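Written below as structure tokens is the structure these notes are about.
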Amino acid sequence: MPGLVKVTCCARTWAGPDRAHCCHRYHGCGHVFDNPTLFDTHRPHGDCLDPQQLGLTQTKNGIWTR
């Protein structure tokens, strides 16, 4: 069984192979999303939209999810 994927960037740490991070180094907001589809939804034209205004909620670990 493969090990848990753990990543740290932009002073954030998260686990999971399907997470998508909007990195500050690339002019992003720094948020971490549950999957790439939610990441794409929050950046429809290259600018970050507020996850709450998209109806997303944040887990206790700071991951934005539907």
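Residue numbering restarts at 1 in every chain; chains get A, B, ... in the order shown in the structure tokens, and ligands count up from 1 in that same order.
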
Determine which residues of chain A DSSP labels as strand (DSSP E) from the backbone of this structure, then write them out as a PyMOL selection string. chain A and resi 6-9+12-15+20-21+32-33+57-58+63-65

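The residue set within 12 Å of Leu49 of chain A, counting only C-alpha atoms and dropping same-chain residues fewer than 5 places from it, reads Cys22, Gly28, Cys29, Gly30, His31, Leu38, Phe39, Asp40, Thr41, His42, Arg43, Pro44, Leu54, Gly55 and Leu56 of chain A.
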
If you run DSSP over the backbone, which residues in chain A end up helix (DSSP H, G or I)? Put them as a PyMOL selection string. chain A and resi 24-26+36-42+52-54

Preceding selection exported with C-alpha atoms as a compact mmCIF listing (two decimals), in the first residue's frame:
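Wrote it out as again.txt, contents follow:
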# COMPACT_ATOMS: atom_id res chain seq x y z
CA HIS A 24 1.51 32.29 -4.10
CA ARG A 25 4.66 31.88 -6.20
CA TYR A 26 2.45 31.89 -9.29
CA PRO A 36 -8.45 19.95 -9.43
CA THR A 37 -12.02 20.65 -10.57
CA LEU A 38 -12.63 22.94 -7.56
CA PHE A 39 -9.29 24.65 -8.23
CA ASP A 40 -10.31 25.30 -11.85
CA THR A 41 -13.71 26.59 -10.70
CA HIS A 42 -12.09 29.19 -8.44
CA GLN A 52 -17.01 30.99 0.00
CA GLN A 53 -18.79 32.92 -2.75
CA LEU A 54 -18.59 29.77 -4.88

Arg12 of chain A: which residues within 12 Å, counting only C-alpha atoms, same-chain residues fewer than 3 positions away excluded, as a PDB file with N, CA, C and O atoms, in the first residue's frame?
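Wrote around26.pdb, looks like this:
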ATOM      1  N   LYS A   6       2.065  13.856   1.470  1.00  0.00           N
ATOM      2  CA  LYS A   6       2.004  15.052   2.299  1.00  0.00           C
ATOM      3  C   LYS A   6       2.846  16.135   1.620  1.00  0.00           C
ATOM      4  O   LYS A   6       3.976  15.880   1.211  1.00  0.00           O
ATOM      5  N   VAL A   7       2.276  17.345   1.493  1.00  0.00           N
ATOM      6  CA  VAL A   7       2.937  18.436   0.791  1.00  0.00           C
ATOM      7  C   VAL A   7       2.899  19.693   1.662  1.00  0.00           C
ATOM      8  O   VAL A   7       1.917  19.945   2.354  1.00  0.00           O
ATOM      9  N   THR A   8       3.957  20.492   1.571  1.00  0.00           N
ATOM     10  CA  THR A   8       4.006  21.785   2.247  1.00  0.00           C
ATOM     11  C   THR A   8       4.421  22.853   1.246  1.00  0.00           C
ATOM     12  O   THR A   8       5.395  22.675   0.520  1.00  0.00           O
ATOM     13  N   CYS A   9       3.671  23.946   1.188  1.00  0.00           N
ATOM     14  CA  CYS A   9       3.983  25.080   0.317  1.00  0.00           C
ATOM     15  C   CYS A   9       3.219  26.298   0.829  1.00  0.00           C
ATOM     16  O   CYS A   9       2.123  26.151   1.377  1.00  0.00           O
ATOM     17  N   ALA A  15      -2.476  16.852   2.987  1.00  0.00           N
ATOM     18  CA  ALA A  15      -2.235  15.462   2.599  1.00  0.00           C
ATOM     19  C   ALA A  15      -3.308  15.034   1.605  1.00  0.00           C
ATOM     20  O   ALA A  15      -4.435  15.503   1.656  1.00  0.00           O
ATOM     21  N   HIS A  21      -3.387  22.997  -5.180  1.00  0.00           N
ATOM     22  CA  HIS A  21      -2.929  24.167  -4.435  1.00  0.00           C
ATOM     23  C   HIS A  21      -2.772  25.361  -5.372  1.00  0.00           C
ATOM     24  O   HIS A  21      -2.174  25.251  -6.435  1.00  0.00           O
ATOM     25  N   CYS A  22      -3.287  26.500  -4.963  1.00  0.00           N
ATOM     26  CA  CYS A  22      -3.170  27.744  -5.727  1.00  0.00           C
ATOM     27  C   CYS A  22      -1.997  28.530  -5.138  1.00  0.00           C
ATOM     28  O   CYS A  22      -2.151  29.323  -4.211  1.00  0.00           O
ATOM     29  N   CYS A  23      -0.816  28.308  -5.680  1.00  0.00           N
ATOM     30  CA  CYS A  23       0.448  28.761  -5.095  1.00  0.00           C
ATOM     31  C   CYS A  23       0.687  30.272  -5.215  1.00  0.00           C
ATOM     32  O   CYS A  23       0.501  30.856  -6.283  1.00  0.00           O
ATOM     33  N   HIS A  24       1.144  30.876  -4.103  1.00  0.00           N
ATOM     34  CA  HIS A  24       1.508  32.293  -4.095  1.00  0.00           C
ATOM     35  C   HIS A  24       2.629  32.596  -5.084  1.00  0.00           C
ATOM     36  O   HIS A  24       2.672  33.678  -5.664  1.00  0.00           O
ATOM     37  N   CYS A  29      -3.736  32.511  -4.610  1.00  0.00           N
ATOM     38  CA  CYS A  29      -4.260  32.916  -3.308  1.00  0.00           C
ATOM     39  C   CYS A  29      -3.713  32.087  -2.142  1.00  0.00           C
ATOM     40  O   CYS A  29      -3.887  32.448  -0.995  1.00  0.00           O
ATOM     41  N   GLY A  30      -3.078  30.946  -2.441  1.00  0.00           N
ATOM     42  CA  GLY A  30      -2.523  30.099  -1.386  1.00  0.00           C
ATOM     43  C   GLY A  30      -3.481  29.044  -0.862  1.00  0.00           C
ATOM     44  O   GLY A  30      -3.096  28.212  -0.054  1.00  0.00           O
ATOM     45  N   HIS A  31      -4.722  29.050  -1.315  1.00  0.00           N
ATOM     46  CA  HIS A  31      -5.697  28.070  -0.838  1.00  0.00           C
ATOM     47  C   HIS A  31      -5.403  26.675  -1.388  1.00  0.00           C
ATOM     48  O   HIS A  31      -4.776  26.530  -2.442  1.00  0.00           O
ATOM     49  N   VAL A  32      -5.885  25.674  -0.669  1.00  0.00           N
ATOM     50  CA  VAL A  32      -5.784  24.287  -1.103  1.00  0.00           C
ATOM     51  C   VAL A  32      -7.203  23.772  -1.327  1.00  0.00           C
ATOM     52  O   VAL A  32      -8.077  23.954  -0.478  1.00  0.00           O
ATOM     53  N   PHE A  33      -7.415  23.122  -2.474  1.00  0.00           N
ATOM     54  CA  PHE A  33      -8.726  22.630  -2.849  1.00  0.00           C
ATOM     55  C   PHE A  33      -8.754  21.113  -2.847  1.00  0.00           C
ATOM     56  O   PHE A  33      -7.740  20.459  -3.067  1.00  0.00           O
ATOM     57  N   ASN A  61      -8.964  21.259   8.450  1.00  0.00           N
ATOM     58  CA  ASN A  61      -7.572  21.299   8.010  1.00  0.00           C
ATOM     59  C   ASN A  61      -7.320  22.375   6.961  1.00  0.00           C
ATOM     60  O   ASN A  61      -6.223  22.454   6.412  1.00  0.00           O
ATOM     61  N   GLY A  62      -8.324  23.159   6.630  1.00  0.00           N
ATOM     62  CA  GLY A  62      -8.158  24.261   5.709  1.00  0.00           C
ATOM     63  C   GLY A  62      -8.309  23.913   4.237  1.00  0.00           C
ATOM     64  O   GLY A  62      -7.980  24.718   3.376  1.00  0.00           O
ATOM     65  N   ILE A  63      -8.840  22.738   3.926  1.00  0.00           N
ATOM     66  CA  ILE A  63      -9.055  22.323   2.543  1.00  0.00           C
ATOM     67  C   ILE A  63     -10.441  22.789   2.103  1.00  0.00           C
ATOM     68  O   ILE A  63     -11.437  22.534   2.774  1.00  0.00           O
TER      69      ILE A  63
END

When you count only C-alpha atoms, which of these residues is closest to Gly16 of chain A: A:Asp50, A:Asp34, A:Lys60, A:His45?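 Of the candidates, the smallest distance to Gly16 of chain A is held by A:Asp34.
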
For atom CA of Thr59 of chain A and atom CA of Gly46 of chain A, determine how far apart the two atoms are, in Å to one decimal place.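 Result for atom CA of Thr59 of chain A versus atom CA of Gly46 of chain A: 24.4 Å, one decimal.
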
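In this comparison, which uses only C-alpha atoms, the residue of A:Thr13, A:Val5, A:Arg66, A:Pro51 approaching Asn35 of chain A most closely is A:Arg66.
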